[in-house]
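*Asks:* Structure incoming, see below.
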Amino acid sequence: MALSNNVIGAINFVAMLLSIPIIGAGIWLANQPDNSCVKILQWPVIVLGVLILVVAIAGFIGGFWRIPWLLIAYLVGMLILIILLACLVVFIYMVTIRGSGHLAPSRAYLEYHLEDFSGWLQRRVRSSYKWERIKVCLSSTEMCAQLNQSYTMAIDFFNAHLTPIESGCCKPPTECGYTFVNPSNWISPINNIADPDCIQWNNDQTQLCYNCNSCKAGLLANLKEEWRKADIILLITLIALICVYLIGCCAFRNAKTEDIFRRYKQGYT
């Protein structure tokens, strides 16, 4: 049984290591400017990673110090956490399956429409109360001001590959027909009713297009890209955790079998 318990301990050490990419994915999301303004996914990911770490430590201790009840608690707890992680992976995939940019004439960047995204994501930004908080957070960043330093000529700006949030929040929609002065300063056309967002644009550097649906769509497009990257990490870690868990179950069963056989040889059964 000692050998099997050592195997269980070693397997749980691997499970402890596998919690690191989960926690790391959550921390990475928390450090992204857009995710830090929305605050939806990062904390569930971090908490789930910490719980996996704690349960793996319990299994590690139970394996090396031969504490059966702790091993059973590990097997039950890790199964629950694996199911939760699988649900999270599927959930992220489902809410990010929709939403992509649209080509604009004579532009290298894409335009984004709010209705293209999943209903769940749309509800995160449609509420005026929620969006006011997000808008204040976004406007406090330097992302739009940095565009003014990077692009002074219209041709350079039109050929730039802007991020979704820069495209949606830092300039008016292309179809509005605004005339470029600099990336965050545009001259309004005589007739700007092509899109409701056209009248929302404001050259005030604290306003810009932060009230536009295109800004909300750009934010969701940014979130989608980042969440998809995190989801790939979570999926790979989930597969590895399942393999580790199955090996741990086999080792635990072998340990119990060895214990029964040892008692039989000693005449206890």
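Residue numbering restarts at 1 in every chain; chains get A, B, ... in the order shown in the structure tokens, and ligands count up from 1 in that same order.
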Tyr151 in chain A: which residues within 10 Å, counting only C-alpha atoms, same-chain residues fewer than 4 positions away excluded, as a ChimeraX atom specification?
*Replies:* /A:146-147,155-158,160,182-183
*Asks:* Next, dump the selected residues to file, keeping only C-alpha atoms, as a PDB file, in the first residue's frame.
*Replies:*
ATOM      1  CA  GLN A 146      -2.166  56.570 -27.485  1.00  0.00           C
ATOM      2  CA  LEU A 147      -3.755  56.432 -30.946  1.00  0.00           C
ATOM      3  CA  ILE A 155      -4.046  57.127 -44.493  1.00  0.00           C
ATOM      4  CA  ASP A 156      -1.947  55.639 -41.700  1.00  0.00           C
ATOM      5  CA  PHE A 157      -4.940  55.478 -39.373  1.00  0.00           C
ATOM      6  CA  PHE A 158      -7.217  53.912 -41.986  1.00  0.00           C
ATOM      7  CA  ALA A 160      -4.062  50.514 -38.945  1.00  0.00           C
ATOM      8  CA  ASN A 182      -6.766  62.946 -35.773  1.00  0.00           C
ATOM      9  CA  PRO A 183      -7.747  59.544 -34.321  1.00  0.00           C
TER      10      PRO A 183
END
*Asks:* Would you pick out the contacts of Ile97 in chain A at 9 Å or less, using only C-alpha atoms, so that residues sharing its chain but fewer than 6 positions from it are not included, and give the list as a PDB file with all heavy atoms, in the first residue's frame?
*Replies:*
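So selection15.pdb came out as:
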ATOM      1  N   PHE A 117     -23.483  39.661 -30.990  1.00  0.00           N
ATOM      2  CA  PHE A 117     -22.966  38.876 -29.869  1.00  0.00           C
ATOM      3  C   PHE A 117     -24.090  38.150 -29.136  1.00  0.00           C
ATOM      4  O   PHE A 117     -25.271  38.453 -29.313  1.00  0.00           O
ATOM      5  CB  PHE A 117     -22.182  39.781 -28.912  1.00  0.00           C
ATOM      6  CG  PHE A 117     -20.933  40.350 -29.529  1.00  0.00           C
ATOM      7  CD1 PHE A 117     -20.976  41.541 -30.240  1.00  0.00           C
ATOM      8  CD2 PHE A 117     -19.731  39.679 -29.427  1.00  0.00           C
ATOM      9  CE1 PHE A 117     -19.845  42.063 -30.835  1.00  0.00           C
ATOM     10  CE2 PHE A 117     -18.578  40.188 -30.016  1.00  0.00           C
ATOM     11  CZ  PHE A 117     -18.636  41.377 -30.726  1.00  0.00           C
ATOM     12  N   SER A 118     -23.706  37.184 -28.323  1.00  0.00           N
ATOM     13  CA  SER A 118     -24.689  36.377 -27.599  1.00  0.00           C
ATOM     14  C   SER A 118     -25.509  37.261 -26.662  1.00  0.00           C
ATOM     15  O   SER A 118     -25.028  38.297 -26.180  1.00  0.00           O
ATOM     16  CB  SER A 118     -23.984  35.283 -26.798  1.00  0.00           C
ATOM     17  OG  SER A 118     -23.223  35.833 -25.739  1.00  0.00           O
ATOM     18  N   LYS A 224     -14.268  38.609 -25.971  1.00  0.00           N
ATOM     19  CA  LYS A 224     -14.367  37.325 -26.654  1.00  0.00           C
ATOM     20  C   LYS A 224     -12.988  36.787 -27.000  1.00  0.00           C
ATOM     21  O   LYS A 224     -12.698  35.605 -26.756  1.00  0.00           O
ATOM     22  CB  LYS A 224     -15.201  37.481 -27.929  1.00  0.00           C
ATOM     23  CG  LYS A 224     -15.242  36.215 -28.786  1.00  0.00           C
ATOM     24  CD  LYS A 224     -15.956  36.445 -30.108  1.00  0.00           C
ATOM     25  CE  LYS A 224     -15.808  35.221 -31.003  1.00  0.00           C
ATOM     26  NZ  LYS A 224     -16.494  35.398 -32.305  1.00  0.00           N
TER      27      LYS A 224
END
*Asks:* Determine, counting only C-alpha atoms, which protein, DNA and RNA residues have an atom within 12 Å of an atom of range 216-220 of chain A; residues of the same chain fewer than 6 positions away are not included. Present the result as number ranges by chain.
*Replies:* A: 32-38, 40, 95-102, 109-128, 130-132, 134-135, 138, 162-171, 173, 197, 209-210, 226-228
*Asks:* Taking 4 positions as the minimum chain separation for residues in the same chain, which residues sit within 9 Å of Ile52 in chain A when counting only C-alpha atoms? Answer as a list in words.
*Replies:*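 Non-adjacent residues within range: Ala15, Met16, Leu18, Ser19, Val47, Leu48, Ala56, Ile57, Gly77, Met78, Leu81 and Ile82 of chain A.
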*Asks:* Kindly export the residues of the current selection with N, CA, C and O atoms, as an mmCIF file, in the first residue's frame.
*Replies:*
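Final file, selection14.cif:
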data_model
loop_
_atom_site.group_PDB
_atom_site.id
_atom_site.type_symbol
_atom_site.label_atom_id
_atom_site.label_comp_id
_atom_site.auth_asym_id
_atom_site.auth_seq_id
_atom_site.Cartn_x
_atom_site.Cartn_y
_atom_site.Cartn_z
ATOM 1 N N ALA A 15 -1.342 17.434 -9.858
ATOM 2 C CA ALA A 15 -2.596 18.195 -9.827
ATOM 3 C C ALA A 15 -2.371 19.589 -9.237
ATOM 4 O O ALA A 15 -2.979 20.568 -9.692
ATOM 5 N N MET A 16 -1.495 19.675 -8.236
ATOM 6 C CA MET A 16 -1.155 20.988 -7.668
ATOM 7 C C MET A 16 -0.530 21.883 -8.741
ATOM 8 O O MET A 16 -0.864 23.065 -8.853
ATOM 9 N N LEU A 18 -1.027 21.643 -11.920
ATOM 10 C CA LEU A 18 -2.038 21.958 -12.937
ATOM 11 C C LEU A 18 -2.961 23.099 -12.511
ATOM 12 O O LEU A 18 -3.640 23.689 -13.353
ATOM 13 N N SER A 19 -2.999 23.389 -11.219
ATOM 14 C CA SER A 19 -3.812 24.527 -10.773
ATOM 15 C C SER A 19 -3.164 25.854 -11.152
ATOM 16 O O SER A 19 -3.841 26.880 -11.241
ATOM 17 N N VAL A 47 -10.756 31.642 -8.358
ATOM 18 C CA VAL A 47 -11.291 30.885 -7.220
ATOM 19 C C VAL A 47 -11.274 29.386 -7.522
ATOM 20 O O VAL A 47 -10.883 28.577 -6.670
ATOM 21 N N LEU A 48 -11.659 29.008 -8.731
ATOM 22 C CA LEU A 48 -11.669 27.602 -9.102
ATOM 23 C C LEU A 48 -10.248 27.037 -9.079
ATOM 24 O O LEU A 48 -10.019 25.913 -8.606
ATOM 25 N N ALA A 56 -5.933 19.436 -4.155
ATOM 26 C CA ALA A 56 -4.758 18.654 -4.553
ATOM 27 C C ALA A 56 -3.770 18.541 -3.396
ATOM 28 O O ALA A 56 -3.152 17.478 -3.194
ATOM 29 N N ILE A 57 -3.613 19.618 -2.623
ATOM 30 C CA ILE A 57 -2.732 19.567 -1.444
ATOM 31 C C ILE A 57 -3.273 18.552 -0.435
ATOM 32 O O ILE A 57 -2.501 17.775 0.165
ATOM 33 N N GLY A 77 -13.973 15.751 -3.819
ATOM 34 C CA GLY A 77 -13.802 17.176 -4.085
ATOM 35 C C GLY A 77 -13.260 17.451 -5.472
ATOM 36 O O GLY A 77 -13.738 18.356 -6.171
ATOM 37 N N MET A 78 -12.264 16.668 -5.889
ATOM 38 C CA MET A 78 -11.674 16.889 -7.208
ATOM 39 C C MET A 78 -12.667 16.571 -8.318
ATOM 40 O O MET A 78 -12.691 17.254 -9.356
ATOM 41 N N LEU A 81 -14.876 19.572 -8.650
ATOM 42 C CA LEU A 81 -14.168 20.692 -9.266
ATOM 43 C C LEU A 81 -13.925 20.456 -10.757
ATOM 44 O O LEU A 81 -13.980 21.400 -11.553
ATOM 45 N N ILE A 82 -13.665 19.209 -11.137
ATOM 46 C CA ILE A 82 -13.489 18.893 -12.561
ATOM 47 C C ILE A 82 -14.787 19.150 -13.316
ATOM 48 O O ILE A 82 -14.788 19.691 -14.430
#
*Asks:* Give me every strand (DSSP E) residue in range 46-245 of chain A, going by DSSP on the backbone, as a count of residues only.
*Replies:* 11
*Asks:* Between CA of Ala154 in chain A and CA of Cys198 in chain A, what is the distance in Å, rounded to a tenth?
*Replies:* 19.2 Å
*Asks:* Check range 2-239 of chain A with DSSP on the backbone and list each residue it calls alpha helix (DSSP H), as a ChimeraX atom specification.
*Replies:* /A:2-30,33-38,42-64,68-95,119-126,128-139,143-150,154-158,164-169,213-239
*Asks:* Could you give me, as a VMD selection string, the residues within 12 Å of Pro21 in chain A, counting only C-alpha atoms and dropping anything in the same chain fewer than 2 positions from it?
*Replies:* chain A and resid 15 to 19 23 to 28 45 to 46 48 to 50 52 to 53 230 to 238 240 to 241
*Asks:* Could you give me, as a list in words, the residues within 9 Å of Asn159 in chain A, counting only C-alpha atoms and dropping anything in the same chain fewer than 6 positions from it?
*Replies:*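 Contacts, with the query itself left out: Ser106, Arg107, Ala108 and Tyr109 of chain A.
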*Asks:* Could you check how far CA of Val89 in chain A sits from CA of Cys137 in chain A, in Å to one decimal?
*Replies:*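 Distance reported for this atom pair: 27.5 Å.
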*Asks:* Between A:Ala30, A:Leu88, A:Val136, A:Ile72, which is the closest to Thr206 in chain A once you count only C-alpha atoms?
*Replies:*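 Ranking A:Ala30, A:Leu88, A:Val136, A:Ile72 by distance to Thr206 in chain A, first place goes to A:Val136.
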*Asks:* Fewer than 6 positions away in the same chain doesn't count, so skip those; otherwise give me all residues within 8 Å of range 67-70 of chain A, counting only C-alpha atoms, as number ranges by chain.
*Replies:* A: 58-59, 61
